[in-house]
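Taking it in order: structure first as structure tokens, then the write-up.
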Amino acid sequence: MVDILHRVGIKSSVAEVYSALTTTEGLAAWWTGNVRGDGGDLGDVLEFRFGAGGFNMKVRELVPGKRVSWEVVDGPQEWVGTHVHFDLDQAEEYAVVLFKHEGWREPVEFMHHCSTKWAVFLMSLKSLVETGKGAPEPYDVKIDNWN
């Protein structure tokens, strides 16, 4: 198994970042404008849709100000059964996000694409929290023909 790992510091409180990760409004403002469901309770299913497809994520863990974890329950074959984690920590004026998309069976070309796109969207999260404006899909940086 292989994982996608990223770290980003966001000049804010962990509470602000946690809100952007657990509310439909927050998620729509940095990842994709096409999100349905509720991410505030364990077992909730969030539906994320993009021009190239989508994913359904089941909320597996919520620790306010510390951790958000999802399990991919529907989407591309490579994603189903993987887990997405956002671990949060306050380091002076920065909320540090340790991101992990774990459980990939092998490092296929699609994983390389997804790693770059996760970085793009984590920078969108940073922008949203720091400036009030993110760049969710369809306004994100396009990196290839997969978007």
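Each chain in the structure tokens gets a letter, A, B, ..., in the order shown, and its residues are numbered from 1; ligands are numbered from 1 in order too.
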task = Mind checking which residues fall within 12 Å of A:Arg67, counting only C-alpha atoms, ignoring those fewer than 6 positions away in the same chain, and posting them as a list of chain:residue names?
result = A:Val14, A:Ala15, A:Val17, A:Tyr18, A:Ser19, A:Leu21, A:Thr22, A:Val59, A:Arg60, A:Glu61, A:Val84, A:His85, A:Phe86, A:Asp87, A:Leu88, A:Asp89, A:Val96, A:Val97, A:Leu98, A:Phe99, A:Lys100
Within 7 Å of stretch 137-141 of chain A, which residues of stretch 8-65 of chain A come that close, and what is the closest atom pair and distance in Å for each? Count only C-alpha atoms and give it as CSV.
```
residue,atom,partner,partner_atom,distance
A:Trp31,CA,A:Glu137,CA,6.1
A:Thr32,CA,A:Glu137,CA,4.5
A:Gly33,CA,A:Glu137,CA,6.3
A:Phe50,CA,A:Glu137,CA,6.7
```
key: Point-to-point distance in Å for atom CA of A:Met111 and atom CA of A:Ser124   =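 These atoms are spaced 19.6 Å apart.
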ask   = Which parts of chain A does DSSP call alpha helix (DSSP H) when run on the backbone here, written out as a ChimeraX atom specification?
value = /A:14-22,24-30,109-131
Output C-alpha atoms of each residue in that selection to a file, as an mmCIF file, in the first residue's frame.
```cif
data_model
loop_
_atom_site.group_PDB
_atom_site.id
_atom_site.type_symbol
_atom_site.label_atom_id
_atom_site.label_comp_id
_atom_site.auth_asym_id
_atom_site.auth_seq_id
_atom_site.Cartn_x
_atom_site.Cartn_y
_atom_site.Cartn_z
ATOM 1 C CA VAL A 14 -7.403 25.079 13.797
ATOM 2 C CA ALA A 15 -11.084 25.813 14.528
ATOM 3 C CA GLU A 16 -11.391 27.768 11.254
ATOM 4 C CA VAL A 17 -9.749 24.980 9.250
ATOM 5 C CA TYR A 18 -11.865 22.342 10.975
ATOM 6 C CA SER A 19 -15.013 24.234 9.972
ATOM 7 C CA ALA A 20 -13.875 24.342 6.326
ATOM 8 C CA LEU A 21 -13.429 20.543 6.453
ATOM 9 C CA THR A 22 -16.714 19.646 8.159
ATOM 10 C CA THR A 24 -20.902 21.681 3.225
ATOM 11 C CA GLU A 25 -20.350 25.419 2.752
ATOM 12 C CA GLY A 26 -16.695 25.142 3.705
ATOM 13 C CA LEU A 27 -16.032 22.118 1.487
ATOM 14 C CA ALA A 28 -17.774 23.768 -1.467
ATOM 15 C CA ALA A 29 -15.596 26.848 -1.051
ATOM 16 C CA TRP A 30 -12.238 25.046 -1.438
ATOM 17 C CA GLU A 109 -0.317 7.094 -12.948
ATOM 18 C CA PHE A 110 -3.732 8.247 -11.618
ATOM 19 C CA MET A 111 -2.220 8.400 -8.120
ATOM 20 C CA HIS A 112 0.447 10.831 -9.354
ATOM 21 C CA HIS A 113 -2.312 12.999 -10.829
ATOM 22 C CA CYS A 114 -4.335 12.848 -7.608
ATOM 23 C CA SER A 115 -1.319 13.773 -5.488
ATOM 24 C CA THR A 116 -0.815 16.953 -7.487
ATOM 25 C CA LYS A 117 -4.540 17.764 -7.414
ATOM 26 C CA TRP A 118 -4.683 17.258 -3.638
ATOM 27 C CA ALA A 119 -1.836 19.802 -3.369
ATOM 28 C CA VAL A 120 -3.779 22.218 -5.590
ATOM 29 C CA PHE A 121 -6.885 21.847 -3.432
ATOM 30 C CA LEU A 122 -4.963 22.126 -0.155
ATOM 31 C CA MET A 123 -3.636 25.449 -1.434
ATOM 32 C CA SER A 124 -7.254 26.376 -2.186
ATOM 33 C CA LEU A 125 -8.128 25.515 1.440
ATOM 34 C CA LYS A 126 -5.250 27.719 2.609
ATOM 35 C CA SER A 127 -6.458 30.587 0.420
ATOM 36 C CA LEU A 128 -10.047 30.193 1.603
ATOM 37 C CA VAL A 129 -9.177 30.314 5.279
ATOM 38 C CA GLU A 130 -6.561 33.072 4.982
ATOM 39 C CA THR A 131 -8.328 35.360 2.481
#
```
inquiry  = Under the rule that only C-alpha atoms are counted, which of A:Met1, A:Val73, A:Ala91, A:Val63 is the nearest residue to A:Leu46?
reply    = A:Val73
Residues at most 6 Å from A:Gly54, counting only C-alpha atoms, excluding those fewer than 5 positions away in the same chain, as a PDB file with C-alpha atoms, in the first residue's frame?
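Result went into result.pdb, see below:
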```
ATOM      1  CA  PHE A  48     -18.326  15.319  -4.159  1.00  0.00           C
ATOM      2  CA  ARG A  49     -18.799  15.813  -7.913  1.00  0.00           C
ATOM      3  CA  GLY A  75     -15.845   6.570  -6.969  1.00  0.00           C
TER       4      GLY A  75
END
```
For A:Leu62, list every protein, DNA or RNA residue within 7 Å, evaluated using only C-alpha atoms, and leave out those in the same chain fewer than 6 positions away; present the list as a tab-separated table (two decimals) with C-alpha atoms, in the first residue's frame.
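File written: selection_1.tsv
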```
chain	number	residue	atom	x	y	z
A	42	LEU	CA	-19.95	10.17	12.12
A	68	VAL	CA	-11.20	14.69	10.16
A	69	SER	CA	-11.21	11.25	8.48
```
ask   = With only C-alpha atoms as the atoms that count, which of A:Pro136, A:Pro76, A:Pro107, A:Gly39 lies nearest to A:Lys58?
value = A:Gly39
Could you find all residues in chain A that DSSP calls strand (DSSP E) from the backbone, and write them as a short mmCIF file (atom, residue, chain, number, x, y, z; two decimals) with C-alpha atoms, in the first residue's frame?
```cif
data_model
loop_
_atom_site.label_atom_id
_atom_site.label_comp_id
_atom_site.auth_asym_id
_atom_site.auth_seq_id
_atom_site.Cartn_x
_atom_site.Cartn_y
_atom_site.Cartn_z
CA VAL A 2 1.12 3.55 -0.77
CA ASP A 3 -0.08 6.92 0.48
CA ILE A 4 -0.31 10.52 -0.67
CA LEU A 5 1.13 12.88 1.96
CA HIS A 6 1.10 16.69 2.16
CA ARG A 7 1.72 19.32 4.85
CA VAL A 8 0.46 22.90 4.71
CA GLY A 9 0.51 25.73 7.23
CA ILE A 10 -2.50 28.04 7.25
CA LYS A 11 -2.31 31.34 9.09
CA ASN A 34 -20.81 20.47 -6.25
CA VAL A 35 -20.99 18.86 -2.80
CA ARG A 36 -24.03 17.29 -1.15
CA GLY A 37 -24.58 15.76 2.25
CA VAL A 45 -21.90 10.49 3.54
CA LEU A 46 -20.59 13.41 1.52
CA GLU A 47 -21.00 13.39 -2.27
CA PHE A 48 -18.33 15.32 -4.16
CA ARG A 49 -18.80 15.81 -7.91
CA PHE A 50 -16.29 17.13 -10.44
CA GLY A 53 -16.43 12.28 -12.05
CA GLY A 54 -16.87 12.13 -8.32
CA PHE A 55 -16.51 10.42 -4.98
CA ASN A 56 -18.67 9.53 -2.01
CA MET A 57 -16.95 9.78 1.37
CA LYS A 58 -18.23 8.36 4.64
CA VAL A 59 -17.23 10.36 7.71
CA ARG A 60 -15.23 7.97 9.93
CA GLU A 61 -13.65 10.24 12.54
CA LEU A 62 -14.25 13.76 13.82
CA VAL A 63 -12.15 15.25 16.60
CA ARG A 67 -8.79 15.37 13.01
CA VAL A 68 -11.20 14.69 10.16
CA SER A 69 -11.21 11.25 8.48
CA TRP A 70 -13.23 9.91 5.58
CA GLU A 71 -13.52 6.53 3.87
CA VAL A 72 -14.07 6.49 0.11
CA VAL A 73 -17.19 4.36 -0.43
CA ASP A 74 -17.87 5.16 -4.10
CA HIS A 83 -9.04 6.76 3.55
CA VAL A 84 -8.51 10.52 3.64
CA HIS A 85 -7.22 12.14 6.84
CA PHE A 86 -6.71 15.74 7.83
CA ASP A 87 -4.73 15.99 11.09
CA LEU A 88 -4.62 19.49 12.58
CA ASP A 89 -2.25 21.13 15.03
CA GLN A 90 -1.72 24.73 16.11
CA ALA A 91 1.89 25.97 15.73
CA TYR A 94 -0.41 28.62 11.93
CA ALA A 95 -2.87 25.77 11.77
CA VAL A 96 -0.77 22.93 10.39
CA VAL A 97 -2.61 20.40 8.24
CA LEU A 98 -1.03 16.98 7.82
CA PHE A 99 -2.91 15.42 4.94
CA LYS A 100 -2.90 11.73 4.12
CA HIS A 101 -4.78 9.81 1.41
CA GLU A 102 -3.89 6.29 2.43
CA GLY A 103 -4.45 2.80 1.21
CA TRP A 104 -3.68 3.02 -2.51
#
```
Length of the atom CA of A:Asp144 to atom CA of A:Ala52 vector [Å] =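 Pair atom CA of A:Asp144 / atom CA of A:Ala52 returns 11.6 Å.
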query = Between atom CA of A:Asp44 and atom CA of A:Pro64, what is the distance, to one decimal in Å?
reply =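 That distance, rounded to one decimal, is 15.8 Å.
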